[in-house]
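Listing of final-v5.cif, mmCIF, C-alpha atoms
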data_start
#
loop_
_atom_site.label_atom_id
_atom_site.label_comp_id
_atom_site.auth_asym_id
_atom_site.auth_seq_id
_atom_site.Cartn_x
_atom_site.Cartn_y
_atom_site.Cartn_z
CA MET A 263 82.66 -72.51 -15.54
CA SER A 264 81.47 -72.48 -12.00
CA LYS A 265 78.21 -72.18 -10.18
CA LYS A 266 77.53 -69.59 -7.53
CA GLN A 267 74.76 -69.60 -4.98
CA ILE A 268 73.40 -66.08 -4.81
CA LYS A 269 70.73 -64.39 -2.75
CA THR A 270 69.04 -61.52 -4.51
CA THR A 271 65.85 -59.57 -4.00
CA VAL A 272 63.81 -59.13 -7.16
CA ASN A 273 60.74 -56.90 -6.96
CA GLY A 274 60.70 -57.29 -3.18
CA VAL A 275 60.88 -61.09 -3.27
CA GLU A 276 64.05 -62.78 -2.06
CA HIS A 277 65.42 -65.53 -4.31
CA GLU A 278 68.21 -67.98 -3.68
CA ILE A 279 69.46 -69.09 -7.06
CA LEU A 280 72.30 -71.28 -8.24
CA VAL A 281 73.69 -69.26 -11.15
CA ASP A 282 76.42 -69.89 -13.65
CA SER A 283 79.29 -67.37 -13.54
CA THR A 284 78.72 -66.58 -17.19
CA TRP A 285 74.99 -65.85 -17.04
CA THR A 286 73.94 -62.27 -17.35
CA LEU A 287 71.39 -60.74 -15.02
CA LEU A 288 69.10 -60.40 -18.06
CA GLU A 289 69.28 -64.13 -18.75
CA THR A 290 68.72 -64.90 -15.07
CA LEU A 291 65.59 -62.75 -14.94
CA ARG A 292 64.06 -63.92 -18.19
CA VAL A 293 65.02 -67.59 -18.36
CA HIS A 294 65.42 -68.62 -14.76
CA LEU A 295 62.94 -66.38 -12.92
CA ASN A 296 60.51 -66.20 -15.85
CA LEU A 297 60.34 -62.40 -15.62
CA THR A 298 60.05 -61.80 -19.35
CA GLY A 299 58.98 -58.16 -19.09
CA THR A 300 62.65 -57.18 -19.35
CA LYS A 301 63.60 -57.45 -23.03
CA GLU A 302 66.77 -58.40 -24.83
CA GLY A 303 67.61 -55.98 -27.63
CA CYS A 304 71.19 -55.26 -28.63
CA SER A 305 72.88 -57.12 -25.75
CA ASN A 306 75.70 -54.60 -25.65
CA GLY A 307 74.39 -51.66 -23.64
CA ASN A 308 73.18 -49.44 -26.47
CA CYS A 309 69.42 -49.96 -26.68
CA GLY A 310 68.20 -49.99 -23.07
CA ALA A 311 65.49 -52.63 -23.66
CA CYS A 312 66.94 -54.62 -20.75
CA THR A 313 67.05 -51.72 -18.28
CA VAL A 314 66.39 -52.70 -14.67
CA MET A 315 67.20 -51.03 -11.39
CA VAL A 316 70.06 -52.44 -9.36
CA ASP A 317 69.94 -50.98 -5.86
CA GLY A 318 67.79 -48.18 -7.27
CA LYS A 319 70.11 -47.30 -10.15
CA SER A 320 69.11 -47.94 -13.75
CA SER A 321 71.43 -50.46 -15.36
CA CYS A 322 71.60 -52.52 -18.54
CA SER A 323 70.96 -56.04 -17.26
CA CYS A 324 72.71 -57.48 -20.33
CA LEU A 325 75.96 -56.01 -18.96
CA VAL A 326 75.59 -57.34 -15.41
CA LEU A 327 76.82 -60.83 -14.54
CA ALA A 328 74.36 -62.93 -12.55
CA PRO A 329 76.70 -63.43 -9.56
CA GLU A 330 77.04 -59.65 -9.29
CA ALA A 331 73.39 -59.56 -8.19
CA ASP A 332 74.28 -61.29 -4.92
CA GLY A 333 72.95 -59.14 -2.09
CA ARG A 334 71.50 -56.56 -4.48
CA GLU A 335 67.93 -55.37 -4.90
CA ILE A 336 66.65 -55.64 -8.43
CA THR A 337 63.52 -53.93 -9.77
CA THR A 338 62.09 -54.97 -13.12
CA VAL A 339 59.04 -53.61 -14.93
CA GLU A 340 56.96 -56.31 -13.21
CA GLY A 341 57.86 -54.69 -9.89
CA LEU A 342 56.50 -51.23 -10.69
CA ALA A 343 52.72 -51.76 -10.45
CA ASP A 344 51.33 -52.51 -7.02
CA HIS A 345 48.82 -55.39 -7.19
CA GLY A 346 47.65 -54.36 -10.63
CA HIS A 347 47.55 -50.63 -9.87
CA LEU A 348 49.77 -48.94 -12.42
CA THR A 349 52.23 -46.29 -11.26
CA PRO A 350 51.82 -42.68 -12.45
CA VAL A 351 54.67 -43.32 -14.91
CA GLN A 352 52.87 -46.31 -16.39
CA ASP A 353 49.54 -44.48 -16.50
CA ALA A 354 51.18 -41.56 -18.28
CA PHE A 355 52.65 -43.83 -20.97
CA VAL A 356 49.24 -45.45 -21.51
CA ASP A 357 47.30 -42.19 -21.63
CA ASN A 358 49.80 -40.44 -23.92
CA SER A 359 50.28 -43.44 -26.20
CA GLY A 360 53.98 -43.42 -25.37
CA LEU A 361 54.42 -46.73 -27.10
CA GLN A 362 53.59 -48.61 -30.25
CA CYS A 363 55.05 -52.11 -30.51
CA GLY A 364 55.93 -52.04 -26.82
CA PHE A 365 59.29 -53.79 -26.97
CA CYS A 366 61.22 -50.81 -25.61
CA THR A 367 58.50 -49.87 -23.10
CA PRO A 368 59.67 -51.83 -20.03
CA GLY A 369 63.10 -50.23 -20.38
CA PHE A 370 61.56 -46.78 -20.78
CA MET A 371 59.33 -47.32 -17.73
CA ILE A 372 62.32 -48.22 -15.56
CA ALA A 373 64.49 -45.45 -17.01
CA THR A 374 61.73 -42.88 -16.53
CA THR A 375 61.04 -44.00 -12.98
CA ALA A 376 64.75 -43.70 -12.17
CA LEU A 377 65.01 -40.31 -13.91
CA LEU A 378 62.04 -38.82 -12.03
CA ASP A 379 63.39 -40.21 -8.74
CA GLN A 380 66.57 -38.19 -9.36
CA ASN A 381 65.05 -35.18 -11.06
CA PRO A 382 61.31 -34.72 -10.48
CA HIS A 383 61.02 -31.79 -12.92
CA PRO A 384 63.26 -32.42 -15.92
CA THR A 385 63.23 -30.12 -18.92
CA GLU A 386 62.52 -31.58 -22.35
CA ASN A 387 66.24 -31.48 -23.13
CA GLU A 388 67.04 -33.29 -19.90
CA ILE A 389 64.45 -35.94 -20.68
CA ARG A 390 65.88 -36.50 -24.16
CA LEU A 391 69.43 -36.60 -22.82
CA LYS A 392 68.79 -38.84 -19.84
CA LEU A 393 66.67 -41.28 -21.83
CA ALA A 394 69.12 -41.42 -24.74
CA GLY A 395 70.14 -44.88 -23.57
CA ASN A 396 66.71 -46.23 -24.52
CA LEU A 397 65.96 -46.66 -28.20
CA CYS A 398 62.50 -46.76 -29.77
CA ARG A 399 61.98 -47.63 -33.42
CA CYS A 400 58.26 -46.79 -33.52
CA THR A 401 57.25 -43.59 -31.81
CA GLY A 402 59.76 -41.03 -32.96
CA TYR A 403 60.12 -40.26 -29.24
CA ASP A 404 57.77 -37.27 -29.08
CA LYS A 405 55.00 -39.22 -27.39
CA ILE A 406 57.50 -40.76 -25.03
CA VAL A 407 58.77 -37.30 -24.04
CA ARG A 408 55.16 -36.16 -23.51
CA SER A 409 54.52 -39.24 -21.39
CA VAL A 410 57.52 -38.44 -19.19
CA GLN A 411 56.44 -34.81 -18.82
CA ASP A 412 52.94 -35.96 -17.90
CA ALA A 413 54.36 -38.52 -15.46
CA ALA A 414 56.37 -35.74 -13.80
CA ASP A 415 53.20 -33.64 -13.45
CA ARG A 416 51.24 -36.56 -12.01
CA LEU A 417 53.99 -37.39 -9.52
CA SER A 418 54.30 -33.79 -8.37
CA LYS A 419 50.54 -33.68 -7.71
CA ALA A 420 50.45 -37.10 -6.02
CA MET B 198 80.97 -66.14 -23.68
CA PRO B 199 84.09 -68.01 -22.60
CA ASN B 200 83.69 -70.31 -19.60
CA PHE B 201 85.07 -68.17 -16.84
CA ASP B 202 84.92 -68.36 -13.10
CA TYR B 203 83.84 -65.31 -11.07
CA GLU B 204 85.12 -63.96 -7.78
CA ALA B 205 84.16 -60.79 -5.93
CA PRO B 206 86.82 -60.30 -3.25
CA THR B 207 86.16 -57.82 -0.47
CA SER B 208 89.76 -56.79 0.20
CA LEU B 209 92.51 -55.50 -2.04
CA ALA B 210 94.92 -58.15 -0.71
CA SER B 211 92.65 -61.02 -1.73
CA ALA B 212 92.03 -59.41 -5.13
CA LEU B 213 95.77 -59.13 -5.77
CA GLU B 214 96.24 -62.75 -4.77
CA LEU B 215 93.56 -63.81 -7.27
CA LEU B 216 95.06 -61.60 -9.99
CA ALA B 217 98.50 -63.17 -9.48
CA ARG B 218 97.19 -66.64 -10.34
CA PRO B 219 98.19 -68.25 -13.63
CA GLY B 220 95.81 -68.09 -16.59
CA GLU B 221 93.78 -65.33 -18.21
CA ILE B 222 92.42 -63.14 -15.45
CA SER B 223 90.22 -60.13 -16.12
CA PRO B 224 89.81 -57.52 -13.45
CA MET B 225 86.38 -55.90 -13.81
CA ALA B 226 84.75 -52.86 -12.25
CA GLY B 227 81.51 -51.75 -13.92
CA GLY B 228 81.84 -54.44 -16.57
CA THR B 229 80.34 -52.33 -19.34
CA ASP B 230 83.44 -52.87 -21.49
CA VAL B 231 84.66 -56.18 -20.05
CA ILE B 232 81.34 -58.06 -20.33
CA ASP B 233 80.74 -56.76 -23.85
CA GLN B 234 84.26 -57.82 -24.87
CA LEU B 235 83.78 -61.28 -23.33
CA LYS B 236 80.49 -61.70 -25.21
CA ASN B 237 82.07 -60.74 -28.51
CA ASN B 238 85.23 -62.83 -28.13
CA ARG B 239 87.38 -59.73 -27.96
CA ARG B 240 88.56 -60.80 -24.51
CA ASN B 241 89.24 -64.22 -23.05
CA ALA B 242 89.10 -65.02 -19.35
CA ASP B 243 89.48 -68.02 -17.07
CA LEU B 244 88.56 -65.84 -14.12
CA VAL B 245 86.76 -62.51 -13.78
CA VAL B 246 87.68 -60.62 -10.61
CA ASP B 247 84.92 -58.15 -9.72
CA LEU B 248 86.50 -55.19 -7.92
CA LYS B 249 83.30 -53.44 -6.87
CA ARG B 250 83.17 -54.84 -3.34
CA ILE B 251 86.64 -53.66 -2.33
CA PRO B 252 86.40 -50.56 -0.09
CA ASP B 253 89.92 -49.37 -1.06
CA LEU B 254 88.77 -49.09 -4.69
CA LEU B 255 85.57 -47.20 -3.83
CA VAL B 256 87.28 -44.20 -2.25
CA LEU B 257 85.94 -40.88 -3.48
CA GLU B 258 87.11 -37.88 -1.50
CA SER B 259 88.64 -34.48 -1.73
CA ASN B 260 91.37 -33.81 0.79
CA GLY B 261 94.16 -31.25 1.20
CA SER B 262 96.16 -32.54 -1.73
CA GLY B 263 93.33 -33.15 -4.15
CA LEU B 264 90.80 -35.65 -5.38
CA ARG B 265 91.08 -39.38 -4.77
CA ILE B 266 89.00 -41.49 -7.13
CA GLY B 267 89.01 -45.24 -6.45
CA SER B 268 89.22 -47.23 -9.65
CA ALA B 269 85.81 -48.87 -9.14
CA VAL B 270 83.89 -45.61 -8.52
CA SER B 271 81.14 -45.14 -11.11
CA CYS B 272 81.01 -42.30 -13.62
CA THR B 273 77.73 -41.15 -12.05
CA GLU B 274 79.35 -40.82 -8.63
CA VAL B 275 82.35 -38.99 -10.07
CA HIS B 276 80.05 -36.65 -11.98
CA ASN B 277 77.92 -35.89 -8.92
CA PHE B 278 80.97 -35.37 -6.71
CA THR B 279 82.97 -33.19 -9.11
CA ALA B 280 79.91 -31.13 -10.04
CA GLU B 281 79.60 -30.19 -6.35
CA ASN B 282 83.20 -30.18 -5.15
CA GLY B 283 86.18 -28.19 -6.37
CA ASN B 284 87.36 -26.92 -9.67
CA TYR B 285 87.06 -29.97 -11.89
CA SER B 286 84.56 -28.84 -14.56
CA ALA B 287 86.11 -30.89 -17.37
CA LEU B 288 85.94 -34.03 -15.27
CA ALA B 289 82.33 -33.36 -14.28
CA GLU B 290 81.45 -32.83 -17.95
CA SER B 291 83.23 -35.84 -19.37
CA SER B 292 82.05 -38.33 -16.75
CA GLU B 293 78.51 -37.49 -17.87
CA LEU B 294 79.29 -38.38 -21.49
CA VAL B 295 80.31 -42.03 -21.13
CA GLY B 296 77.45 -43.97 -22.74
CA SER B 297 73.95 -43.61 -21.31
CA VAL B 298 72.87 -42.94 -17.74
CA HIS B 299 72.48 -46.71 -17.32
CA ILE B 300 76.09 -47.19 -18.42
CA GLN B 301 77.37 -44.31 -16.25
CA ASN B 302 75.68 -45.88 -13.21
CA ARG B 303 77.89 -48.94 -13.67
CA ALA B 304 80.96 -47.91 -15.67
CA SER B 305 83.91 -46.73 -13.60
CA ILE B 306 86.32 -43.94 -14.46
CA GLY B 307 89.11 -46.42 -13.70
CA GLY B 308 87.66 -48.78 -16.29
CA ASN B 309 87.41 -46.01 -18.85
CA VAL B 310 91.13 -45.36 -18.24
CA CYS B 311 92.19 -49.03 -18.28
CA ASN B 312 90.14 -49.76 -21.41
CA ALA B 313 92.50 -47.19 -22.95
CA ALA B 314 90.37 -46.30 -25.94
CA PRO B 315 91.94 -43.32 -27.76
CA SER B 316 88.40 -41.90 -27.81
CA ALA B 317 87.73 -42.30 -24.06
CA ASP B 318 85.95 -39.16 -22.90
CA THR B 319 87.24 -39.00 -19.34
CA ILE B 320 90.93 -39.32 -20.19
CA PRO B 321 91.63 -35.83 -21.64
CA SER B 322 89.96 -34.31 -18.57
CA LEU B 323 92.14 -36.40 -16.25
CA LEU B 324 95.24 -35.51 -18.28
CA ILE B 325 94.69 -31.75 -18.15
CA HIS B 326 94.09 -32.04 -14.42
CA GLU B 327 97.43 -33.90 -14.20
CA ALA B 328 96.03 -37.09 -12.73
CA VAL B 329 98.36 -39.74 -11.36
CA ALA B 330 97.56 -43.44 -11.60
CA HIS B 331 98.20 -45.39 -8.40
CA THR B 332 98.56 -49.06 -9.24
CA ALA B 333 98.78 -52.15 -7.07
CA SER B 334 99.96 -55.71 -7.59
CA ALA B 335 101.16 -58.55 -5.38
CA SER B 336 104.69 -57.17 -5.74
CA GLY B 337 103.88 -53.62 -4.65
CA GLU B 338 102.42 -50.29 -5.64
CA ARG B 339 103.46 -47.78 -8.34
CA GLU B 340 102.61 -44.17 -9.12
CA ILE B 341 102.46 -43.39 -12.83
CA PRO B 342 101.64 -39.97 -14.27
CA LEU B 343 98.54 -40.69 -16.35
CA ILE B 344 100.18 -39.34 -19.50
CA ASP B 345 102.64 -42.28 -19.27
CA PHE B 346 99.91 -44.86 -18.65
CA PHE B 347 98.88 -45.57 -22.24
CA ALA B 348 100.81 -47.79 -24.65
CA GLY B 349 98.46 -47.89 -27.65
CA PRO B 350 94.81 -48.46 -28.52
CA GLY B 351 93.43 -50.62 -25.69
CA GLN B 352 96.93 -50.99 -24.22
CA THR B 353 98.28 -49.69 -20.92
CA VAL B 354 101.56 -50.12 -19.07
CA LEU B 355 99.86 -52.30 -16.42
CA GLN B 356 101.66 -55.61 -15.94
CA LYS B 357 99.94 -58.96 -15.45
CA GLY B 358 98.46 -59.04 -11.97
CA GLU B 359 98.61 -55.27 -11.64
CA ILE B 360 95.49 -53.09 -11.38
CA LEU B 361 94.70 -49.42 -11.22
CA LYS B 362 93.96 -48.76 -7.56
CA GLU B 363 93.01 -45.11 -7.69
CA LEU B 364 93.47 -41.88 -9.57
CA GLY B 365 94.90 -38.90 -7.74
CA VAL B 366 93.96 -35.49 -9.10
CA PRO B 367 95.76 -32.49 -7.54
CA THR B 368 93.67 -29.55 -6.31
CA PRO B 369 93.61 -26.85 -8.98
CA SER B 370 94.16 -23.27 -7.86
CA ALA B 371 91.19 -20.93 -7.45
CA ASN B 372 92.08 -19.18 -10.71
CA THR B 373 91.88 -22.36 -12.74
CA THR B 374 89.08 -23.49 -15.04
CA SER B 375 88.69 -26.45 -17.34
CA ALA B 376 86.28 -27.71 -19.99
CA TYR B 377 85.83 -30.80 -22.16
CA LEU B 378 84.00 -30.97 -25.46
CA ARG B 379 83.73 -33.79 -27.96
CA PHE B 380 82.18 -33.93 -31.38
CA ILE B 381 79.72 -36.69 -32.24
CA PRO B 382 77.24 -36.75 -35.12
CA ARG B 383 74.25 -36.93 -32.74
CA ASN B 384 73.56 -35.26 -29.42
CA GLU B 385 74.42 -38.12 -27.09
CA MET B 386 75.44 -41.77 -26.78
CA ASP B 387 78.22 -41.95 -29.34
CA ILE B 388 81.98 -42.31 -29.57
CA ALA B 389 83.98 -39.11 -29.96
CA VAL B 390 85.10 -38.32 -33.51
CA ALA B 391 87.44 -35.98 -31.68
CA GLY B 392 87.56 -34.54 -28.17
CA VAL B 393 89.44 -31.72 -26.47
CA GLY B 394 89.99 -30.97 -22.81
CA SER B 395 91.45 -27.56 -21.92
CA LEU B 396 92.56 -26.15 -18.60
CA ILE B 397 93.89 -22.66 -17.95
CA GLU B 398 95.11 -20.88 -14.86
CA VAL B 399 95.04 -17.10 -15.16
CA ASP B 400 96.69 -14.50 -12.94
CA PRO B 401 93.74 -12.27 -11.96
CA SER B 402 95.90 -9.15 -11.60
CA SER B 403 97.37 -9.30 -15.11
CA ASP B 404 95.06 -11.72 -16.98
CA VAL B 405 98.17 -13.61 -18.05
CA VAL B 406 97.83 -17.39 -18.49
CA THR B 407 100.12 -18.95 -15.91
CA LYS B 408 99.32 -22.55 -16.78
CA ALA B 409 97.76 -24.20 -19.83
CA ARG B 410 96.94 -27.85 -20.37
CA ILE B 411 95.30 -29.20 -23.51
CA ALA B 412 94.63 -32.89 -24.15
CA LEU B 413 93.07 -34.55 -27.18
CA ALA B 414 90.95 -37.66 -27.74
CA SER B 415 90.48 -39.78 -30.85
CA VAL B 416 93.30 -38.26 -32.90
CA ALA B 417 96.24 -40.56 -32.06
CA PRO B 418 96.83 -44.18 -30.94
CA THR B 419 96.59 -42.92 -27.34
CA PRO B 420 95.12 -39.79 -25.75
CA VAL B 421 97.72 -37.03 -26.18
CA ARG B 422 98.73 -33.69 -24.71
CA ALA B 423 99.14 -30.73 -27.10
CA TYR B 424 102.43 -29.53 -25.61
CA ALA B 425 103.27 -26.94 -28.27
CA ALA B 426 99.86 -25.33 -27.86
CA GLU B 427 100.22 -25.30 -24.08
CA GLU B 428 103.68 -23.68 -24.25
CA PHE B 429 102.47 -21.03 -26.65
CA LEU B 430 99.51 -20.11 -24.48
CA GLU B 431 101.43 -19.86 -21.20
CA GLY B 432 102.61 -16.32 -20.46
CA LYS B 433 100.11 -14.72 -22.85
CA ASN B 434 97.07 -12.54 -22.42
CA ILE B 435 94.29 -14.43 -24.15
CA ASP B 436 92.64 -12.80 -27.13
CA VAL B 437 91.03 -14.07 -30.31
CA GLU B 438 94.34 -14.29 -32.15
CA VAL B 439 96.09 -16.13 -29.32
CA ILE B 440 93.23 -18.63 -29.17
CA ALA B 441 93.40 -19.14 -32.95
CA LYS B 442 97.15 -19.74 -32.88
CA THR B 443 96.79 -22.12 -29.89
CA ALA B 444 94.17 -24.09 -31.82
CA ASP B 445 96.47 -24.32 -34.86
CA LEU B 446 99.28 -25.60 -32.65
CA ALA B 447 97.00 -28.18 -30.99
CA VAL B 448 96.52 -29.78 -34.40
CA GLU B 449 100.27 -30.46 -34.52
CA ALA B 450 99.89 -32.99 -31.70
CA THR B 451 97.53 -35.14 -33.78
CA VAL B 452 98.24 -38.19 -35.94
CA PRO B 453 94.65 -39.05 -36.77
CA ILE B 454 93.38 -41.97 -38.80
CA THR B 455 90.60 -41.95 -41.35
CA ASP B 456 87.82 -44.33 -40.37
CA VAL B 457 84.05 -44.69 -40.39
CA ARG B 458 83.68 -41.86 -37.87
CA GLY B 459 85.61 -39.27 -39.82
CA SER B 460 88.59 -38.55 -42.03
CA ALA B 461 91.97 -37.51 -40.71
CA GLU B 462 91.50 -34.03 -42.18
CA TYR B 463 88.09 -33.68 -40.58
CA ARG B 464 89.49 -34.72 -37.21
CA LYS B 465 92.24 -32.09 -37.46
CA GLU B 466 89.65 -29.43 -38.22
CA LEU B 467 87.57 -30.60 -35.26
CA ILE B 468 90.58 -30.30 -32.93
CA LYS B 469 91.03 -26.72 -34.06
CA VAL B 470 87.36 -25.86 -33.49
CA LEU B 471 87.04 -27.71 -30.18
CA THR B 472 90.25 -26.18 -28.82
CA LYS B 473 88.89 -22.71 -29.51
CA ARG B 474 85.53 -23.56 -27.99
CA THR B 475 86.93 -25.13 -24.82
CA LEU B 476 89.26 -22.17 -24.28
CA ASN B 477 86.37 -19.78 -24.73
CA ILE B 478 84.32 -21.75 -22.21
CA CYS B 479 87.23 -21.60 -19.77
CA LEU B 480 87.36 -17.81 -20.20
CA GLU B 481 83.60 -17.49 -19.63
CA ARG B 482 83.93 -19.56 -16.47
CA LEU B 483 86.71 -17.33 -15.17
CA ALA B 484 84.76 -14.15 -15.82
#
Turn this file's structure into C-alpha cells for me.
Amino acid sequence: MSKKQIKTTVNGVEHEILVDSTWTLLETLRVHLNLTGTKEGCSNGNCGACTVMVDGKSSCSCLVLAPEADGREITTVEGLADHGHLTPVQDAFVDNSGLQCGFCTPGFMIATTALLDQNPHPTENEIRLKLAGNLCRCTGYDKIVRSVQDAADRLSKA
Amino acid sequence: MPNFDYEAPTSLASALELLARPGEISPMAGGTDVIDQLKNNRRNADLVVDLKRIPDLLVLESNGSGLRIGSAVSCTEVHNFTAENGNYSALAESSELVGSVHIQNRASIGGNVCNAAPSADTIPSLLIHEAVAHTASASGEREIPLIDFFAGPGQTVLQKGEILKELGVPTPSANTTSAYLRFIPRNEMDIAVAGVGSLIEVDPSSDVVTKARIALASVAPTPVRAYAAEEFLEGKNIDVEVIAKTADLAVEATVPITDVRGSAEYRKELIKVLTKRTLNICLERLA
C-alpha cells in the first residue's frame, strides 16, 4: 500500500490530500472530505447512488480510485446549489416530489444535470435510458421522469 | 481490496517498464471491471497501472485505412465518434450498451475487449468489422486479428507485461452496413443473454451480398464468428428464406451453456431471432 499526494478540485475548492492507493473516490469524498451527500449503495457500479461528475462527466465514484482524481475537477451534489440557491434541476425534483427516502436523490441530481448538459430536450425514452444507471426503490420512477422533464423546461426558459 | 500500489504513467514506454516488473500487475483503463474485481477478490494486484494518461492509448481517429481506437478511449467517446464518422453502426450501437452512461463515460472499449467476457457487447461489433488488436510490451509490438485474441472466458492471448495498445478497424466500403442487437430481460443495464452483430456488403447493381460477417456473444466460451452462416449468405440475393436459412446456420456456431440468464436452448433460439433482426436492420439501412 502506498500513499499519494493528490491535488483535486472538489466543487470549485482545491484540496491537497494524502490518499491511499486503494481508497475509492467515494470513500475520499465521504470519509476524508466529509462530503456525505454522495451515497454508497451497491459499490459495484449498478445503482448510481455515488454518481459524481469527474471533469464534467457523470461517473460512479465507487469505481474511481482516489489517486485517479489527481488534477481532475469533481462535482458532488453539494456543489450544485449556489449559496443555498437550488438549481433548476433541484427545484424540479422538489416541486414534482421526485424523491421519497432521498437516498438515490444526489445521484439522480448529478445524473440529470449531466444528461441535460448533453441533451437539453430529452424524450421520455431518452430520460429513462440515460438514467437507467440510477436505481430508486421508492418512487417507481414516474415522478423522477416528470422532474427531469420539468427541469428541462425550466432550463430552456432560464 | 488488496494492498496495491498505483501508478499513472504518462508515456507508453514508462507504462511498459512498470508492467514488466515482477509481481501481480494490473493494467487499468476505465477501471469499471478492474476495480470491481479487486474489491471482490476476483483479481489480485501488487500494482495497478492506470493507462488513461498515456496519449498513445487515447488516439481516436479515422484515417485513410480506417479507425484507430486507443485502448483507453471511453465507450462514450467511441459511441460519439462512430455515430458521426463512417460506416460503423454496430460499433456505435454496442458502445452505448455497456453498463450505464456513468460506466460508459469511464469504461474503455479496450477494457471491454481485454476483460474478454463472452457476453461483452462491443466485441461482436469489432469482430464483424474485422478489427485488429495492436499490442505492446517491453519486448515489442504484435498485431493480432481480434478473432484470435480470446482464449476463454476472461482469458486473452496477452502475455505478462503485454497490453492492448489500440484497435484498428478497416474502413468499410460505402455499400456496407452493420447492426448489433442483444437480448436482455429489461430495457437497459444488463448482461446479454445472447447478442448478434451482423455486417453485409451488397453490390448495388445486382443486390448480391458480396461480404457477410456475423458474430455472436454469450453463446460460447469466447465471442465467435458464425462462419457457415457468413459463407451461405455471400453470393446470394437476400430474401426472407435466405435470411431464415442464415439464421439457422448461425445457431451452428454456438455451444451455449445453461445458466441463470437463460437455457442453452433459449440462447440458440435467441441467436436465430437476433440474426434475422440484425440482417433486416442492415437491409433497411442500405435502402
_Quick one: residues within 12 Å of Ser291 of chain B, only C-alpha atoms, excluding same-chain residues fewer than 3 positions away - as a PyMOL selection string?_
chain B and resi 272-273+275-277+279-280+285-288+294-296+301+306+309+316-323+375-379+385+389+392-395+414
*Residue among A:Cys309, A:Asp379, A:Gly318, A:Thr338 lying closest to Leu295 of chain A, counting only C-alpha atoms*: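 Between A:Cys309, A:Asp379, A:Gly318, A:Thr338, the residue approaching Leu295 of chain A most closely is A:Thr338.
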Under the rule of at most 7 Å, produce a per-residue listing of chain B near chain A: chain, number, name, the closest pair of atoms, and the distance in Å, as JSON lines, using only C-alpha atoms.
{"residue": "B:Met198", "atom": "CA", "partner": "A:Thr284", "partner_atom": "CA", "distance": 6.9}
{"residue": "B:Asn200", "atom": "CA", "partner": "A:Met263", "partner_atom": "CA", "distance": 4.7}
{"residue": "B:Phe201", "atom": "CA", "partner": "A:Met263", "partner_atom": "CA", "distance": 5.1}
{"residue": "B:Asp202", "atom": "CA", "partner": "A:Met263", "partner_atom": "CA", "distance": 5.3}
{"residue": "B:Tyr203", "atom": "CA", "partner": "A:Ser283", "partner_atom": "CA", "distance": 5.6}
{"residue": "B:Gly228", "atom": "CA", "partner": "A:Leu325", "partner_atom": "CA", "distance": 6.5}
{"residue": "B:Thr229", "atom": "CA", "partner": "A:Leu325", "partner_atom": "CA", "distance": 5.7}
{"residue": "B:Ile232", "atom": "CA", "partner": "A:Leu325", "partner_atom": "CA", "distance": 5.9}
{"residue": "B:Asp233", "atom": "CA", "partner": "A:Asn306", "partner_atom": "CA", "distance": 5.8}
{"residue": "B:Ser297", "atom": "CA", "partner": "A:Gly395", "partner_atom": "CA", "distance": 4.6}
{"residue": "B:Val298", "atom": "CA", "partner": "A:Lys392", "partner_atom": "CA", "distance": 6.2}
{"residue": "B:His299", "atom": "CA", "partner": "A:Ser321", "partner_atom": "CA", "distance": 4.4}
{"residue": "B:Ile300", "atom": "CA", "partner": "A:Ser321", "partner_atom": "CA", "distance": 6.5}
{"residue": "B:Asn302", "atom": "CA", "partner": "A:Lys319", "partner_atom": "CA", "distance": 6.5}
{"residue": "B:Arg303", "atom": "CA", "partner": "A:Ser321", "partner_atom": "CA", "distance": 6.8}
{"residue": "B:Glu385", "atom": "CA", "partner": "A:Ala394", "partner_atom": "CA", "distance": 6.7}
{"residue": "B:Met386", "atom": "CA", "partner": "A:Ala394", "partner_atom": "CA", "distance": 6.7}
*Can you list, as a ChimeraX atom specification, the residues that the PyMOL selection byres ((chain A and resi 294) around 12) selects here?*
/A:277-282,285-293,295-298,328
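In terms of minimum interatomic distance to Asp404 of chain B, B:Lys433 ranks closest within B:Lys433, B:Arg383, B:Lys465, B:Arg482, counting all atoms listed in the file.
For the choices B:Ile341, B:Leu471, B:Ala217, B:Val270, the atom-to-atom distance to Ile381 of chain B is smallest for B:Leu471 when using all atoms listed in the file.
The protein and nucleic acid residues lying at most 9 Å from Ala450 of chain B are B:Leu413, B:Val416, B:Ala417, B:Val421, B:Arg422, B:Ala423, B:Tyr424, B:Ala425, B:Ala426, with only C-alpha atoms considered and sequence neighbours fewer than 5 positions away removed.
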*Take the PyMOL selection byres ((chain A and resi 410-417) around 6), apply it to the structure above, and return the hits as number ranges by chain.*
A: 350-351, 354, 407-409, 418-420
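Take the PyMOL selection byres ((chain A and resi 364) around 12) and apply it to this file: it picks Gly299, Thr300, Lys301, Ala311, Phe355, Val356, Ser359, Gly360, Leu361, Gln362, Cys363, Phe365, Cys366, Thr367, Pro368, Gly369, Phe370, Met371, Leu397, Cys398, Arg399, Cys400, Thr401 and Ile406 of chain A.
Straight-line separation from atom CA of Pro401 of chain B to atom CA of Ile440 of chain B: 18.4 Å.
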*Identify, on the basis of all atoms listed in the file, every residue whose closest approach to Asn273 of chain A does not exceed 9 Å; exclude the query and any residue fewer than 5 positions from it along the same chain; express the result as a VMD selection string.*
chain A and resid 335 to 342
*Rounded to one decimal in Å, what is the spacing between atom CA of Ala210 of chain B and atom CA of Leu255 of chain B?*
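That distance, rounded to one decimal, is 14.7 Å.
Here atom CA of Ser334 of chain B is placed at a distance of 8.4 Å from atom CA of Glu214 of chain B.
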Around segment 305-316 of chain B, with edges along x, y and z and 5 Å added on all six sides, what centre and edge lengths do you get, in Å to one decimal, as lines of an AutoDock Vina configuration file?
center_x = 88.2
center_y = -45.8
center_z = -20.7
size_x = 18.6
size_y = 17.9
size_z = 24.2
_Residue neighbourhood Tyr463 of chain B, 12 Å, all atoms listed in the file, exclusion window fewer than 3 positions, as a ChimeraX atom specification_ = /B:380,390-391,415-416,448,451,453-460,466-470
